[in-house]
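A.B. asks: My questions will all concern the structure given below.
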Amino acid sequence: MPTFVLPYPVIDPVLINIGPLPIRWYALAYIAGLVLGWWLARRIAAQDAYWGVRPRPPVESLDDLLVYAALGVVIGGRLGYVLFYNLPHFLDHPAEIPAVWLGGMSFHGGLAGASLGIYLFARRHGLPVMAVADLCAAVVPIGILLGRIANFIKPELWGRVTDAPIGMVFPDAGPLPRHPSQLYEAALEGLVLLVVVQMAVRMGALRRPGLVTGIFAVGYGVARIICEFFREPDPQLGFLFGGATMGMALSLPLILAGLGFIAYAQRRPTEQAA
């Protein structure tokens with residue numbers, strides 16, 4: 001048993017009620033992640049030194065990109081959860097599929113949806129798809145960080161039972177101390193990955209198409225797999241095989257794709273400043 005059990009800081013998942021409409025931390029995390037990502041993307045897009053002569057999205061077009069990304073994240077995230085994590089339930093209760101306020105979003109599904117949004121945005125504005133993808137990859141960890149904090153507040157996606165020196169007892173998760181794995185994910189998938197991609201941007205990675213996207217994909221995949229060792233598998237799925245979880249299985253292709261993007265970027269010459 002842990003020598004020190006942290007009390008769970010019970011936080012009302014509803015920040016405020018506006019008449020009959022509850023404003024939940026969960027929804028605010030998505031909104032704040034998109035808005036802060038949009039703000040940082042505008043700053044990065046405006047820096048000529050980051051891009052060299054490489055074409056990039058104009059700052060004024062990023063308002064439109066925010067809409068494409070938001071729709072892709074929400075629709076893709078929900079459909080990913082339905083397909084990968086709880087398909088039998090939703091086949092029996094199809095009316096619950098659009099009920100995102102009940103919880104249940106998949107990062108990998110949201111990433112797929114956002115990728116489609118990036119492609120459509122780039123085609124509409126006549127921009128290189130890879131330039132838009134690199135810009136988005138540079139800011140996505142902000143949303144991941146806030147989303148994992150929202151998972152902790154809800155609370156959901158808690159960790160496995162632990163006998164480590166420190167543990168936490170979560171509401172509705174039984175009496176045994178568990179890893180606060182949502183905070184591990186916020187730190188690794190969010191904060192640490194944000195620092196890594198921002199360092200890469202400042203070191204000139206945006207001058208090589210695909211490099212920032214590859215760094216993000218590999219970094220997220222590795223961080224997610226590490227955190228999955230501390231996170232309780234979804235009860236309706238459990239372990240898939242040999243101790244692997246669905247999160248691990250979905251992250252492996254992401255790592256391979258990221259390595260492919262990095263290899264592609266390294267074969268291309270750096271686009272120097274004009």
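So you can find residues: chains in the structure tokens are A, B, ... in the order shown, residues in each start at 1, and ligands are numbered from 1 in order.
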Near Gly113 of chain A, within 8 Å and counting only C-alpha atoms, which residues show up once chain neighbours fewer than 5 positions away are dropped, as a ChimeraX atom specification?
C.D. replies: /A:69,71-77
A.B. asks: For segment 205-216 of chain A, list every protein, DNA or RNA residue within 6 Å, evaluated using only C-alpha atoms, and leave out those in the same chain fewer than 6 positions away; present the list as a PyMOL selection string.
C.D. replies: chain A and resi 51+130+134+137+258+261-262+265+270-271
A.B. asks: Pick out the closest residue to Pro180 of chain A from this set: A:Gly219, A:Ala133, A:Cys227, A:Pro141. Count only C-alpha atoms.
C.D. replies: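 That would be A:Cys227, the residue with the smallest distance to Pro180 of chain A.
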A.B. asks: Would you please give, as a PyMOL selection string, all residues of segment 29-263 of chain A that DSSP assigns to strand (DSSP E or B) based on the backbone?
C.D. replies: chain A and resi 159+161+166-168+178+231
A.B. asks: Mind writing the picked residues with C-alpha atoms as a PDB file, in the first residue's frame?
C.D. replies:
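To be explicit, this is the file written out as selection_23.pdb:
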ATOM      1  CA  GLY A 159      -4.940   5.009 -13.263  1.00  0.00           C
ATOM      2  CA  VAL A 161      -4.256   0.388  -8.564  1.00  0.00           C
ATOM      3  CA  ILE A 166       1.974   7.905  -3.409  1.00  0.00           C
ATOM      4  CA  GLY A 167      -1.500   7.098  -4.699  1.00  0.00           C
ATOM      5  CA  MET A 168      -4.957   8.653  -4.991  1.00  0.00           C
ATOM      6  CA  ARG A 178      -4.549   4.518  -7.928  1.00  0.00           C
ATOM      7  CA  ARG A 231      -3.746   3.971 -16.855  1.00  0.00           C
TER       8      ARG A 231
END
A.B. asks: Report as a CSV table (one decimal) with C-alpha atoms, in the first residue's frame all protein, DNA and RNA residues lying within 12 Å of segment 18-34 of chain A, evaluated on only C-alpha atoms, omitting residues in the same chain fewer than 2 positions from it.
C.D. replies:
chain,number,residue,atom,x,y,z
A,11,ILE,CA,-14.2,19.7,-8.2
A,12,ASP,CA,-17.7,20.2,-9.5
A,13,PRO,CA,-17.5,19.2,-13.2
A,14,VAL,CA,-19.9,22.0,-13.9
A,15,LEU,CA,-18.2,25.4,-13.7
A,16,ILE,CA,-21.4,27.4,-13.7
A,36,LEU,CA,-5.0,29.0,-27.4
A,37,GLY,CA,-3.8,26.8,-30.2
A,38,TRP,CA,-5.2,29.3,-32.7
A,39,TRP,CA,-3.5,32.2,-30.9
A,40,LEU,CA,-0.1,30.4,-30.8
A,41,ALA,CA,-0.5,29.3,-34.5
A,62,LEU,CA,-6.2,30.8,-39.4
A,63,ASP,CA,-9.7,31.9,-38.3
A,65,LEU,CA,-8.6,26.8,-39.9
A,66,LEU,CA,-10.0,27.0,-36.4
A,67,VAL,CA,-13.4,26.0,-37.7
A,68,TYR,CA,-12.1,23.1,-39.7
A,69,ALA,CA,-10.0,21.9,-36.8
A,70,ALA,CA,-12.8,22.2,-34.3
A,71,LEU,CA,-15.3,20.2,-36.4
A,72,GLY,CA,-12.7,17.6,-37.2
A,73,VAL,CA,-11.6,17.1,-33.6
A,74,VAL,CA,-15.2,16.8,-32.2
A,77,GLY,CA,-13.0,12.2,-31.6
A,100,VAL,CA,-20.6,14.2,-26.6
A,101,TRP,CA,-21.5,15.9,-23.3
A,102,LEU,CA,-21.8,12.5,-21.7
A,103,GLY,CA,-18.0,12.0,-22.2
A,104,GLY,CA,-16.2,9.5,-24.5
A,105,MET,CA,-13.7,11.0,-27.0
A,107,PHE,CA,-7.6,11.3,-29.3
A,110,GLY,CA,-9.9,13.4,-33.2
A,114,ALA,CA,-8.4,17.1,-37.6
A,136,CYS,CA,-1.1,22.5,-36.3
A,139,VAL,CA,0.2,23.8,-31.2
A,140,VAL,CA,-1.8,20.6,-30.6
A,141,PRO,CA,-0.2,19.7,-27.3
A,142,ILE,CA,-1.9,22.7,-25.7
A,143,GLY,CA,-5.3,21.0,-26.3
A,144,ILE,CA,-4.0,17.7,-25.0
A,145,LEU,CA,-2.7,19.3,-21.8
A,146,LEU,CA,-6.1,20.9,-21.1
A,147,GLY,CA,-8.1,17.9,-22.1
A,148,ARG,CA,-6.2,15.6,-19.7
A,149,ILE,CA,-6.7,18.1,-16.9
A,150,ALA,CA,-10.4,18.0,-17.7
A,151,ASN,CA,-10.3,14.1,-17.5
A,152,PHE,CA,-8.9,14.5,-14.0
A,153,ILE,CA,-11.6,17.0,-12.9
A,154,LYS,CA,-14.5,14.9,-14.3
A,155,PRO,CA,-13.0,12.4,-13.0
A,156,GLU,CA,-12.5,9.7,-15.7
A,190,GLY,CA,0.8,17.8,-23.1
A.B. asks: Rounded to one decimal, what separation in Å do you get between atom CA of Gln182 of chain A and atom CA of Leu157 of chain A?
C.D. replies: 6.7 Å
A.B. asks: Between atom CA of Pro171 of chain A and atom CA of His108 of chain A, what is the distance in Å, rounded to a tenth?
C.D. replies: 26.9 Å
A.B. asks: Which is closer to Gly221 of chain A than all the others in A:Leu252, A:Leu191, A:Ala200, A:Ile118, using only C-alpha atoms?
C.D. replies: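 The closest residue to Gly221 of chain A is A:Leu252.
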A.B. asks: Please report, as a PyMOL selection string, each residue of segment 33-104 of chain A to which DSSP assigns alpha helix (DSSP H) when run on this structure's backbone.
C.D. replies: chain A and resi 33-45+48-51+62-85+87-92
